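Student: Mind looking over this structure? Questions follow.
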Amino acid sequence: MFLSTEHHPQILSRDCYTSEEVLQKEIDSVLLPAWHAVALKSELPKNGSYVTFEMYGRPLILWRYDDQFHCFLNVCSHRYSKLRSDACGTCERLRCQYHGWQFDETGNVRKIPDAKSFRPLKQGMLGLKKYRLETCGELIFINLVDEGPSLREFLGEMYSTYQEWFSPDMHTAIILNRPIQANWKCLVENALESYHTTEVHPKTFGESPSEEDCEHQLEDWGSVLKVDFSQEKSFRASLDKFGHWLVGHQRTPVYRHVAHYPNVMIAHLSLYRWVECVIPVSPGSSTSIVRLMCHVGQKGQLRRLWNRYLISRWAKDFLCQVGEEDAQVMTQVQHGLSSIDQPLGGLISTREERVYHFQHYVDRAVNDRRGEPARDTIPIHYKGKTS
């Protein structure tokens, strides 16, 4: 059942999805202080492995050294060249592609070609800028500000859930960084509601789940959706049962979607777990960082390799199709938000109450009202109470 007894108004105005000024406020006050799920440990399989990417105008590099993971600004402190321009690779030390300066896991300079020409150079000068990095299960999180809560404090009561869902016995099935021409909040809001399912995903998800099968949970840190599909009788349900039999894993016919504000979401469906982190690039474009893991059976089983191919292939086809369907409609939403004329409306249904909850969070965070109660002018009607 849903928590709300009536619909809600749209809290965020259209310029919150199109304004450069608003986006910068969101980055400064909401996004930069947050922890971002950016990779899996399997993407850095051995010592020396690195991957590069960009967030909020910052070129970054993740590097594995002595079985520890590190995050640096991917810019040499000598003459500001990017250290590495390739997407991934392996190196014993981080080495600048321009003049060959080398750095260790602390970010300190370890080798300078023709070092005598730089005398005097004090120890510790010109090191790389390093960012906070922590792991939870197989997930790698980074934080781009020097101070703030630890990852465990940030995830709070959900920390153990992240550990359990993304455990080392899971197989990495999908690594996807997908550009989408829409504001970052559009992507988050789309993931928070099932109202669009029937129209946008008729062949993948089918009909939206009934209210009786849904349960919403709204918290200060985010929100949760649970859908019980134990009574579903369909080919998809039969395939799901067969997959569990192949893997030898007990079936749990409940879908759970967790949104950890502002921009990290994880989901649990049958044999699959996925995480998405949404990063704004501009007011009208974003990057969706998606990683999917799945059960393929116990190590040592002869059928594990077959399961890995079959289950991973199905997951990739399914998730990529769903993602493409969402990306297409998100582009149209962004076009509508950018209309010169103001459209009538702006309404959020009870089925979309997680969207209202998210908008309320963003509005209060950007305007520095996180410690205040909900605004009286926009009441939240919940069954049993009004706040």
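Every chain in the structure tokens takes a letter, A first, then B, and so on in the order presented; its residues are numbered from 1, and the ligands are numbered from 1 following the presented order.
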Can you tell me which residues surround segment 347-364 of chain A at a distance of at most 9 Å, considering only C-alpha atoms, apart from same-chain residues fewer than 2 positions away, and format the answer as a short mmCIF file (atom, residue, chain, number, x, y, z; two decimals) with N, CA and C atoms, in the first residue's frame?
Tutor:
```cif
data_model
loop_
_atom_site.label_atom_id
_atom_site.label_comp_id
_atom_site.auth_asym_id
_atom_site.auth_seq_id
_atom_site.Cartn_x
_atom_site.Cartn_y
_atom_site.Cartn_z
N PHE A 2 0.33 2.33 -0.55
CA PHE A 2 1.04 3.61 -0.53
C PHE A 2 0.76 4.32 0.79
N LEU A 3 1.59 5.27 1.16
CA LEU A 3 1.45 5.98 2.41
C LEU A 3 0.52 7.18 2.30
N SER A 4 0.49 7.82 1.14
CA SER A 4 -0.29 9.03 0.95
C SER A 4 -1.77 8.72 0.72
N THR A 5 -2.62 9.63 1.12
CA THR A 5 -4.05 9.49 0.89
C THR A 5 -4.55 10.38 -0.24
N GLU A 6 -3.68 11.27 -0.72
CA GLU A 6 -4.07 12.15 -1.82
C GLU A 6 -2.83 12.59 -2.58
N HIS A 7 -3.06 13.16 -3.77
CA HIS A 7 -1.94 13.57 -4.61
C HIS A 7 -1.19 14.75 -4.00
N HIS A 8 -0.01 15.05 -4.58
CA HIS A 8 0.84 16.14 -4.11
C HIS A 8 1.11 17.12 -5.24
N PRO A 9 1.48 18.35 -4.90
CA PRO A 9 1.90 19.29 -5.94
C PRO A 9 3.35 19.05 -6.32
N GLN A 10 3.74 19.54 -7.48
CA GLN A 10 5.14 19.52 -7.91
C GLN A 10 5.87 20.59 -7.10
N ILE A 11 6.91 20.19 -6.36
CA ILE A 11 7.63 21.15 -5.52
C ILE A 11 8.64 21.96 -6.33
N LEU A 12 9.41 21.28 -7.17
CA LEU A 12 10.48 21.94 -7.91
C LEU A 12 9.96 22.57 -9.19
N GLU A 26 23.05 22.90 -6.51
CA GLU A 26 22.82 21.49 -6.16
C GLU A 26 24.15 20.75 -6.02
N VAL A 30 24.45 19.71 -2.31
CA VAL A 30 23.83 18.39 -2.20
C VAL A 30 24.74 17.27 -2.71
N LYS A 185 18.01 14.99 -11.95
CA LYS A 185 16.85 14.71 -11.09
C LYS A 185 15.76 13.96 -11.85
N VAL A 188 16.65 10.31 -11.50
CA VAL A 188 16.33 9.79 -10.17
C VAL A 188 14.81 9.64 -10.01
N GLU A 189 14.07 10.65 -10.40
CA GLU A 189 12.61 10.60 -10.25
C GLU A 189 12.00 9.47 -11.05
N ASN A 190 12.54 9.23 -12.23
CA ASN A 190 12.02 8.15 -13.07
C ASN A 190 12.18 6.79 -12.36
N ALA A 191 13.31 6.63 -11.65
CA ALA A 191 13.56 5.37 -10.95
C ALA A 191 12.72 5.23 -9.69
N LEU A 192 12.13 6.33 -9.22
CA LEU A 192 11.40 6.31 -7.96
C LEU A 192 9.92 5.98 -8.12
N GLU A 193 9.43 5.86 -9.34
CA GLU A 193 8.00 5.60 -9.52
C GLU A 193 7.75 4.51 -10.55
N SER A 194 6.65 3.79 -10.34
CA SER A 194 6.26 2.70 -11.25
C SER A 194 5.10 3.10 -12.15
N TYR A 195 4.68 4.36 -12.06
CA TYR A 195 3.52 4.81 -12.83
C TYR A 195 3.77 4.74 -14.33
N GLU A 211 -1.37 -1.59 -6.16
CA GLU A 211 -1.04 -0.93 -4.90
C GLU A 211 -0.95 -1.95 -3.77
N HIS A 216 5.79 1.31 0.36
CA HIS A 216 6.72 2.43 0.35
C HIS A 216 7.23 2.70 1.76
N GLN A 217 8.50 3.05 1.83
CA GLN A 217 9.13 3.43 3.09
C GLN A 217 9.87 4.74 2.85
N LEU A 218 9.54 5.77 3.60
CA LEU A 218 10.14 7.09 3.43
C LEU A 218 10.97 7.44 4.66
N GLU A 219 12.25 7.73 4.44
CA GLU A 219 13.18 8.01 5.52
C GLU A 219 13.89 9.33 5.27
N ASP A 220 14.60 9.82 6.29
CA ASP A 220 15.36 11.06 6.12
C ASP A 220 16.44 10.90 5.06
N TRP A 221 17.03 9.70 4.96
CA TRP A 221 18.14 9.48 4.04
C TRP A 221 17.70 9.09 2.64
N GLY A 222 16.42 8.71 2.45
CA GLY A 222 15.96 8.28 1.14
C GLY A 222 14.64 7.55 1.23
N SER A 223 14.40 6.61 0.32
CA SER A 223 13.13 5.89 0.31
C SER A 223 13.33 4.48 -0.25
N VAL A 224 12.34 3.62 0.02
CA VAL A 224 12.43 2.22 -0.38
C VAL A 224 11.09 1.80 -0.99
N LEU A 225 11.16 1.01 -2.05
CA LEU A 225 9.98 0.36 -2.63
C LEU A 225 10.16 -1.15 -2.52
N TYR A 261 19.55 9.18 -1.09
CA TYR A 261 19.68 10.54 -1.59
C TYR A 261 21.09 11.08 -1.35
N PRO A 262 21.61 11.86 -2.31
CA PRO A 262 20.85 12.40 -3.43
C PRO A 262 20.82 11.56 -4.71
N GLY A 345 -0.40 22.58 -14.99
CA GLY A 345 -0.22 21.32 -14.28
C GLY A 345 1.01 21.28 -13.42
N VAL A 366 19.05 22.29 -0.81
CA VAL A 366 19.60 23.39 -1.57
C VAL A 366 19.38 24.72 -0.86
N ASN A 367 18.23 24.84 -0.21
CA ASN A 367 17.89 26.08 0.47
C ASN A 367 18.24 26.05 1.96
N ASP A 368 19.07 25.04 2.34
CA ASP A 368 19.60 24.94 3.70
C ASP A 368 18.49 24.93 4.75
N ARG A 369 17.48 24.07 4.52
CA ARG A 369 16.39 23.93 5.50
C ARG A 369 16.27 22.47 5.96
N ARG A 370 17.39 21.72 5.92
CA ARG A 370 17.32 20.30 6.24
C ARG A 370 16.92 20.05 7.68
N GLY A 371 17.20 21.02 8.57
CA GLY A 371 16.84 20.82 9.98
C GLY A 371 15.44 21.30 10.33
N GLU A 372 14.73 21.86 9.36
CA GLU A 372 13.40 22.40 9.62
C GLU A 372 12.32 21.39 9.25
N ALA A 374 8.70 20.12 7.55
CA ALA A 374 8.12 20.36 6.22
C ALA A 374 7.33 21.66 6.21
N ILE A 380 2.31 17.27 3.71
CA ILE A 380 2.45 15.87 3.30
C ILE A 380 1.40 15.08 4.04
#
```
Student: Could you please write out, as a PDB file with C-alpha atoms, in the first residue's frame, every residue of segment 126-240 of chain A that DSSP assigns to strand (DSSP E)?
Tutor:
```
ATOM      1  CA  LYS A 130      43.820  12.682  -3.314  1.00  0.00           C
ATOM      2  CA  TYR A 131      40.128  12.121  -2.559  1.00  0.00           C
ATOM      3  CA  ARG A 132      38.410  10.005   0.053  1.00  0.00           C
ATOM      4  CA  LEU A 133      37.647   6.446  -1.058  1.00  0.00           C
ATOM      5  CA  GLU A 134      35.918   3.663   0.863  1.00  0.00           C
ATOM      6  CA  THR A 135      34.443   0.314  -0.077  1.00  0.00           C
ATOM      7  CA  CYS A 136      31.330  -1.547   1.025  1.00  0.00           C
ATOM      8  CA  LEU A 139      31.268  -1.403  -4.314  1.00  0.00           C
ATOM      9  CA  ILE A 140      33.793   1.436  -4.503  1.00  0.00           C
ATOM     10  CA  PHE A 141      32.586   4.822  -3.261  1.00  0.00           C
ATOM     11  CA  ILE A 142      34.354   8.166  -3.496  1.00  0.00           C
ATOM     12  CA  ASN A 143      33.759  11.513  -1.843  1.00  0.00           C
ATOM     13  CA  HIS A 171      29.399 -12.183 -10.493  1.00  0.00           C
ATOM     14  CA  THR A 172      29.840  -8.876 -12.337  1.00  0.00           C
ATOM     15  CA  ALA A 173      27.503  -8.969 -15.328  1.00  0.00           C
ATOM     16  CA  ILE A 174      27.274  -5.360 -16.565  1.00  0.00           C
ATOM     17  CA  ILE A 175      29.564  -2.315 -16.421  1.00  0.00           C
ATOM     18  CA  LEU A 176      27.813   0.600 -18.089  1.00  0.00           C
ATOM     19  CA  ASN A 177      28.340   4.376 -18.134  1.00  0.00           C
ATOM     20  CA  ARG A 178      25.426   5.746 -20.126  1.00  0.00           C
ATOM     21  CA  PRO A 179      25.011   9.412 -21.224  1.00  0.00           C
ATOM     22  CA  ILE A 180      21.400  10.599 -21.092  1.00  0.00           C
ATOM     23  CA  CYS A 214       3.588  -2.367  -3.153  1.00  0.00           C
ATOM     24  CA  GLU A 215       5.055  -0.986   0.033  1.00  0.00           C
ATOM     25  CA  HIS A 216       6.721   2.426   0.346  1.00  0.00           C
ATOM     26  CA  GLN A 217       9.133   3.427   3.090  1.00  0.00           C
ATOM     27  CA  LEU A 218      10.140   7.092   3.426  1.00  0.00           C
ATOM     28  CA  GLY A 222      15.959   8.282   1.140  1.00  0.00           C
ATOM     29  CA  SER A 223      13.135   5.889   0.308  1.00  0.00           C
ATOM     30  CA  VAL A 224      12.426   2.223  -0.385  1.00  0.00           C
ATOM     31  CA  LEU A 225       9.982   0.359  -2.625  1.00  0.00           C
ATOM     32  CA  LYS A 226       9.097  -3.284  -2.027  1.00  0.00           C
ATOM     33  CA  VAL A 227       6.987  -5.263  -4.511  1.00  0.00           C
ATOM     34  CA  ASP A 228       5.776  -8.779  -3.735  1.00  0.00           C
TER      35      ASP A 228
END
```
Student: With distances taken over only C-alpha atoms, which of A:Arg273, A:Cys76, A:Arg14, A:Thr197 is nearest to His335 of chain A?
Tutor: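 Closest to His335 of chain A of all the choices is A:Arg14.
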Student: Of the residues A:His260, A:Glu43, A:His268, A:Asn183, which is the one nearest to Val22 of chain A, using only C-alpha atoms?
Tutor: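 Of the candidates, the smallest distance to Val22 of chain A is held by A:Asn183.
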Student: Taking into account only C-alpha atoms, which residue in the set A:Gln97, A:Thr90, A:Ser81, A:Gln24 is nearest to Gly48 of chain A?
Tutor: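 Between A:Gln97, A:Thr90, A:Ser81, A:Gln24, the residue approaching Gly48 of chain A most closely is A:Thr90.
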Student: Can you pull out every residue within 6 Å of Glu138 of chain A, counting only C-alpha atoms, but drop anything in the same chain fewer than 2 positions away, and send it as a VMD selection string?
Tutor: chain A and resid 40 to 41 166 to 167
Student: Quick one: residues within 12 Å of Gly336 of chain A, only C-alpha atoms, excluding same-chain residues fewer than 2 positions away - as a PyMOL selection string?
Tutor: chain A and resi 14-15+17-18+182-183+186+284+329-334+338-344+346
Student: Can you write out the residues you just picked, keeping N, CA and C atoms, as a compact mmCIF listing (two decimals), in the first residue's frame?
Tutor:
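As written to disk, out.txt reads:
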```
# COMPACT_ATOMS: atom_id res chain seq x y z
N ARG A 14 10.25 24.40 -13.02
CA ARG A 14 10.91 23.92 -14.23
C ARG A 14 12.35 24.40 -14.34
N ASP A 15 12.64 25.59 -13.82
CA ASP A 15 14.00 26.09 -13.94
C ASP A 15 14.98 25.29 -13.07
N TYR A 17 15.35 22.30 -13.38
CA TYR A 17 15.81 21.25 -14.28
C TYR A 17 16.54 21.82 -15.51
N THR A 18 16.58 23.14 -15.62
CA THR A 18 17.17 23.74 -16.82
C THR A 18 18.20 24.83 -16.52
N ALA A 182 19.18 14.45 -20.19
CA ALA A 182 18.15 14.90 -19.25
C ALA A 182 18.81 15.33 -17.95
N ASN A 183 18.14 16.18 -17.22
CA ASN A 183 18.62 16.63 -15.93
C ASN A 183 18.76 15.44 -14.97
N CYS A 186 15.68 14.18 -13.17
CA CYS A 186 14.72 13.42 -13.98
C CYS A 186 15.03 11.93 -13.91
N GLY A 284 21.01 19.90 -18.71
CA GLY A 284 20.20 19.02 -19.55
C GLY A 284 20.85 17.71 -19.94
N VAL A 329 12.60 8.30 -23.25
CA VAL A 329 11.51 9.11 -22.70
C VAL A 329 12.06 10.25 -21.83
N MET A 330 13.22 10.05 -21.19
CA MET A 330 13.82 11.11 -20.40
C MET A 330 14.19 12.30 -21.27
N THR A 331 14.65 12.03 -22.48
CA THR A 331 14.98 13.11 -23.41
C THR A 331 13.74 13.94 -23.72
N GLN A 332 12.60 13.27 -23.88
CA GLN A 332 11.35 13.98 -24.16
C GLN A 332 10.88 14.78 -22.95
N VAL A 333 11.10 14.26 -21.75
CA VAL A 333 10.77 15.00 -20.53
C VAL A 333 11.60 16.27 -20.46
N GLN A 334 12.88 16.17 -20.78
CA GLN A 334 13.75 17.35 -20.73
C GLN A 334 13.31 18.39 -21.76
N SER A 338 11.94 22.26 -20.96
CA SER A 338 12.63 23.41 -21.57
C SER A 338 11.71 24.28 -22.43
N SER A 339 10.43 23.95 -22.46
CA SER A 339 9.48 24.73 -23.25
C SER A 339 9.47 26.20 -22.84
N ILE A 340 9.40 27.09 -23.83
CA ILE A 340 9.38 28.52 -23.53
C ILE A 340 8.11 28.90 -22.78
N ASP A 341 6.97 28.38 -23.24
CA ASP A 341 5.71 28.66 -22.56
C ASP A 341 5.53 27.74 -21.36
N GLN A 342 4.93 28.29 -20.31
CA GLN A 342 4.69 27.54 -19.09
C GLN A 342 3.49 26.62 -19.27
N PRO A 343 3.65 25.31 -19.17
CA PRO A 343 2.50 24.41 -19.28
C PRO A 343 1.64 24.46 -18.03
N LEU A 344 0.38 24.08 -18.16
CA LEU A 344 -0.49 23.95 -17.00
C LEU A 344 -0.12 22.65 -16.28
N GLY A 346 1.48 20.05 -13.19
CA GLY A 346 2.54 19.79 -12.24
C GLY A 346 1.92 19.08 -11.05
```
Student: Applying 12 Å and only C-alpha atoms, which residues near Thr204 of chain A remain after dropping the ones on its own chain fewer than 4 positions away? List them as a JSON list (two decimals) with N, CA and C atoms, in the first residue's frame.
Tutor:
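around38.json was written with the following content:
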```json
[["chain", "number", "residue", "atom", "x", "y", "z"],
["A", 197, "THR", "N", 5.58, 2.53, -15.90],
["A", 197, "THR", "CA", 5.97, 1.19, -16.33],
["A", 197, "THR", "C", 5.11, 0.66, -17.47],
["A", 198, "THR", "N", 3.80, 0.76, -17.34],
["A", 198, "THR", "CA", 2.90, 0.20, -18.35],
["A", 198, "THR", "C", 3.11, 0.84, -19.71],
["A", 199, "GLU", "N", 3.34, 2.15, -19.73],
["A", 199, "GLU", "CA", 3.47, 2.88, -20.99],
["A", 199, "GLU", "C", 4.86, 2.74, -21.60],
["A", 200, "VAL", "N", 5.90, 2.82, -20.78],
["A", 200, "VAL", "CA", 7.27, 2.86, -21.28],
["A", 200, "VAL", "C", 7.89, 1.46, -21.41],
["A", 208, "SER", "N", 2.07, -2.06, -14.45],
["A", 208, "SER", "CA", 2.53, -1.55, -13.17],
["A", 208, "SER", "C", 1.99, -2.43, -12.05],
["A", 235, "PHE", "N", 5.32, -16.24, -17.82],
["A", 235, "PHE", "CA", 6.53, -16.87, -18.35],
["A", 235, "PHE", "C", 7.76, -16.33, -17.63],
["A", 236, "ARG", "N", 7.74, -15.04, -17.31],
["A", 236, "ARG", "CA", 8.88, -14.44, -16.62],
["A", 236, "ARG", "C", 9.07, -15.08, -15.25],
["A", 314, "TRP", "N", 21.19, -12.75, -20.36],
["A", 314, "TRP", "CA", 19.80, -12.32, -20.21],
["A", 314, "TRP", "C", 19.72, -10.99, -19.48],
["A", 315, "ALA", "N", 20.52, -10.85, -18.42],
["A", 315, "ALA", "CA", 20.51, -9.61, -17.65],
["A", 315, "ALA", "C", 20.94, -8.43, -18.50],
["A", 317, "ASP", "N", 20.83, -8.09, -21.81],
["A", 317, "ASP", "CA", 19.81, -7.76, -22.81],
["A", 317, "ASP", "C", 18.64, -7.04, -22.17],
["A", 318, "PHE", "N", 18.19, -7.54, -21.03],
["A", 318, "PHE", "CA", 17.03, -6.97, -20.36],
["A", 318, "PHE", "C", 17.30, -5.57, -19.84],
["A", 319, "LEU", "N", 18.39, -5.42, -19.09],
["A", 319, "LEU", "CA", 18.68, -4.13, -18.46],
["A", 319, "LEU", "C", 19.00, -3.07, -19.51],
["A", 320, "CYS", "N", 19.71, -3.45, -20.56],
["A", 320, "CYS", "CA", 20.04, -2.47, -21.61],
["A", 320, "CYS", "C", 18.80, -2.02, -22.35],
["A", 321, "GLN", "N", 17.86, -2.93, -22.55],
["A", 321, "GLN", "CA", 16.61, -2.54, -23.21],
["A", 321, "GLN", "C", 15.80, -1.61, -22.33],
["A", 322, "VAL", "N", 15.69, -1.94, -21.04],
["A", 322, "VAL", "CA", 14.97, -1.07, -20.11],
["A", 322, "VAL", "C", 15.64, 0.30, -20.05],
["A", 323, "GLY", "N", 16.98, 0.31, -19.99],
["A", 323, "GLY", "CA", 17.70, 1.57, -19.93],
["A", 323, "GLY", "C", 17.50, 2.42, -21.16],
["A", 324, "GLU", "N", 17.45, 1.79, -22.33],
["A", 324, "GLU", "CA", 17.23, 2.54, -23.57],
["A", 324, "GLU", "C", 15.81, 3.11, -23.61],
["A", 325, "GLU", "N", 14.84, 2.34, -23.14],
["A", 325, "GLU", "CA", 13.45, 2.83, -23.09],
["A", 325, "GLU", "C", 13.35, 4.05, -22.18],
["A", 326, "ASP", "N", 14.01, 3.99, -21.03],
["A", 326, "ASP", "CA", 13.99, 5.13, -20.10],
["A", 326, "ASP", "C", 14.72, 6.33, -20.69]]
```
Student: Between atom CA of Gln181 of chain A and atom CA of Ser19 of chain A, what is the distance, to one decimal in Å?
Tutor: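 Answer for the atom CA of Gln181 of chain A to atom CA of Ser19 of chain A separation: 14.5 Å.
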Student: Quick one: of A:Ala365, A:Leu128, A:Cys88, A:Leu337, who's nearest to Pro283 of chain A, counting only C-alpha atoms?
Tutor: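 Once distances to Pro283 of chain A are computed over only C-alpha atoms, the minimum belongs to A:Leu337.
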